[in-house]
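Scroll down for the structure; my scribbles are underneath it.
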Amino acid sequence: ARKIELKKLEDIVRDQVSGILFESICITLNDLLTGNKLDKPHVELLSQSCLNPLLGVYLRNTFMQIAERQELYLKILKAVEVLANEKHTVSMLFPSLSRHSDLFALLMTLKQQVHLFLASPNKGTDSDTVTLVQSAQEIERVLATVELQGKAYQKELRKQAAREGKQLTQKEREDLETKALMQRMKGLSVDFVDLLDAPKNTIWKHKFVLDAKKAPGSSQLSSRLTKEVGSMMSGLPPGIFVRVDKKRMDLMRVCIAGPEGSPYQ
């Protein structure tokens with residue numbers, strides 16, 4: 001019991017120190033931007049720092065894990081928002097060095113999880129849940145801004161490559177195509193459809209729909225499934241596809257495609 005208490009205390013202190021760090025980053029960047037003093041040396045210093053890998057460690061957590069540390073993560077996402085809103089630093093959301101994380105991809109996965117939580121019924125009306133919903137709404141707002149700026153940056157990169165007439169090697173083209181395909185497949189791995197209210201004789205007709213209608217889910221079950229589905233959004237292996245009902249997360253359909261070279265291919 002003593003060790004558990006010490007571990008909790010260490011986690012609290014670590015989060016407080018991390019919160020101060022990200023708050024300081026926000027203040028420093030805002031001061032530089034306000035005074036129009038953010039120049040190339042500053043950007044290079046940020047790019048070479050541990051900021052991207054550090055953000056990557058935190059942003060690999062699911063939304064329900066983030067929900068347990070709301071105060072810290074709101075500060076982290078505020079720092080991300082500052083980076084995304086500045087044309088010189090938005091590149092830090094993307095991997096430019098081998099040790100860098102694809103923060104943009106992690107943030108878009110988190111955006112899906114937040115949307116899932118906000119759209120789920122039976123969230124409860126207690127004060128903790130109300131506070132969590134408010135935090136989720138703020139996170140959703142920040143991520144919408146990040147998505148807009150990140151996609152604009154990607155579009156500009158494509159235009160620049162076209163203007164320069166950059167020729168890619170066969171391997172580079174294949175790597176890009178593979179990465180794009182994997183990203184699209186990841187986006188399709190978990191989705192929400194009408195299983196409960198699907199018309200009869202359609203592909204979405206579910207075997208246990210009648211049982212589901214007889215036994216409505218509880219808020220406790222909904223909360224747990226929100227966590228589990230959120231984990232699936234960021235951790236499913238390639239070839240596994242899950243469809244979850246929009247109203248009842250305990251109603252799912254799953255398709256598993258066997259890996260290439262296996263007996264199940």
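Residues are referred to by chain and number: the chain letter is A, B, ... according to the order shown in the structure tokens, the number counts from 1 in that chain, and ligands are numbered separately from 1 in the order shown.
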
How close does each residue of segment 178-247 of chain A get to segment 40-62 of chain A, giving the shortest atom pair and distance in Å to one decimal for every residue with an atom at most 8 Å away, counting only C-alpha atoms, sorted by chain and residue number, as CSV?
residue,atom,partner,partner_atom,distance
A:Lys227,CA,A:Thr62,CA,7.6
A:Gly230,CA,A:Thr62,CA,6.1
A:Ser231,CA,A:Thr62,CA,5.9
A:Ser234,CA,A:Thr62,CA,7.5

Restrict the calculation to only C-alpha atoms, then for each residue of segment 134-203 of chain A with any atom at most 9 Å from an atom of segment 116-120 of chain A give the closest atom pair and their distance in Å to one decimal, rows by chain and rising residue number, as a Markdown table.
| residue | atom | partner | partner_atom | distance |
| --- | --- | --- | --- | --- |
| A:Ala136 | CA | A:Leu118 | CA | 7.2 |
| A:Gln137 | CA | A:Leu118 | CA | 7.8 |
| A:Phe192 | CA | A:Leu116 | CA | 8.7 |

Dump as a compact mmCIF listing (two decimals), in the first residue's frame, selection limited to N, CA and C atoms:
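Written output follows (part_11.txt):
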# COMPACT_ATOMS: atom_id res chain seq x y z
N ALA A 136 -13.55 17.49 -22.92
CA ALA A 136 -13.60 16.85 -24.24
C ALA A 136 -14.00 17.86 -25.31
N GLN A 137 -14.93 18.74 -24.99
CA GLN A 137 -15.35 19.76 -25.96
C GLN A 137 -14.21 20.73 -26.27
N PHE A 192 -18.45 3.93 -37.12
CA PHE A 192 -19.75 3.85 -36.45
C PHE A 192 -20.87 3.83 -37.48

List every residue of segment 104-184 of chain A that has an atom at most 9 Å from any atom of segment 87-97 of chain A, giving for each one its closest atom pair and the distance in Å to one decimal, counting only C-alpha atoms, sorted by chain and then by ascending residue number, as a Markdown table.
| residue | atom | partner | partner_atom | distance |
| --- | --- | --- | --- | --- |
| A:Phe104 | CA | A:Leu93 | CA | 5.3 |
| A:Ala105 | CA | A:Phe94 | CA | 8.4 |
| A:Val146 | CA | A:Val90 | CA | 8.9 |
| A:Gln149 | CA | A:Val90 | CA | 7.5 |
| A:Gly150 | CA | A:Val90 | CA | 6.9 |
| A:Tyr153 | CA | A:Val90 | CA | 7.3 |

For Leu132 of chain A, which residue among A:Glu23, A:Glu68, A:Asp15, A:Glu156 is the nearest when counting only C-alpha atoms? A:Glu68

For the strand (DSSP E or B) assignment from backbone DSSP, which residues of segment 66-223 of chain A qualify? Please present them as an MDAnalysis selection string. chainID A and resid 190:193

Which polymer residues have any atom within 9 Å of an atom of segment 171-185 of chain A, counting only C-alpha atoms, with same-chain residues fewer than 5 positions away left out, as a list in words? Ala105, Pro238, Gly239 and Phe241 of chain A

If you run DSSP over the backbone, which residues in segment 121-249 of chain A end up helix (DSSP H, G or I)? Put them as a VMD selection string. chain A and resid 127 to 164 170 to 188 209 to 214 219 to 235

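Separating atom CA of Tyr264 of chain A from atom CA of Thr109 of chain A is a distance of 28.6 Å.
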
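Residues in contact with segment 126-131 of chain A at 12 Å, where only C-alpha atoms are counted and same-chain residues fewer than 3 positions away are skipped, are listed as A:Met64, A:Ala67, A:Glu68, A:Gln70, A:Glu71, A:Phe117, A:Leu118, A:Asn122, A:Lys123, A:Gln134, A:Ser135, A:Ala136, A:Gln137, A:Glu138, A:Ser219, A:Gln220, A:Ser223.
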
How far is it from atom CA of Ala257 of chain A to atom CA of Lys207 of chain A, in Å with one decimal? 20.7 Å

Can you pull out every residue within 12 Å of Leu143 of chain A, counting only C-alpha atoms, but drop anything in the same chain fewer than 2 positions away, and send it as a CSV table (one decimal) with C-alpha atoms, in the first residue's frame?
chain,number,residue,atom,x,y,z
A,74,LEU,CA,-5.2,20.6,-21.7
A,76,ILE,CA,-0.2,19.8,-23.7
A,77,LEU,CA,-2.8,20.4,-26.3
A,78,LYS,CA,-2.5,24.2,-25.8
A,79,ALA,CA,1.2,23.9,-26.7
A,80,VAL,CA,0.2,21.8,-29.8
A,81,GLU,CA,-2.3,24.4,-30.8
A,82,VAL,CA,0.4,27.2,-30.6
A,84,ALA,CA,0.0,24.3,-35.3
A,85,ASN,CA,-1.1,28.0,-35.7
A,103,LEU,CA,2.1,13.9,-34.0
A,104,PHE,CA,-0.5,14.8,-36.6
A,105,ALA,CA,-1.6,11.2,-37.0
A,106,LEU,CA,-1.7,10.7,-33.2
A,107,LEU,CA,-3.8,13.8,-32.8
A,108,MET,CA,-6.3,12.7,-35.5
A,109,THR,CA,-6.7,9.4,-33.8
A,110,LEU,CA,-7.4,11.2,-30.5
A,111,LYS,CA,-9.9,13.4,-32.4
A,112,GLN,CA,-11.8,10.2,-33.4
A,113,GLN,CA,-11.8,9.0,-29.8
A,114,VAL,CA,-13.1,12.4,-28.4
A,115,HIS,CA,-15.8,12.4,-31.0
A,136,ALA,CA,-13.6,16.9,-24.2
A,137,GLN,CA,-15.3,19.8,-26.0
A,138,GLU,CA,-12.3,22.0,-25.5
A,139,ILE,CA,-10.0,19.2,-26.7
A,140,GLU,CA,-12.3,18.7,-29.8
A,141,ARG,CA,-12.0,22.5,-30.5
A,145,THR,CA,-7.9,23.8,-35.4
A,146,VAL,CA,-4.9,21.5,-35.5
A,147,GLU,CA,-6.5,19.4,-38.3
A,148,LEU,CA,-7.2,22.5,-40.4
A,149,GLN,CA,-3.6,23.8,-40.1
A,150,GLY,CA,-2.0,20.4,-40.5
A,151,LYS,CA,-3.9,19.6,-43.7
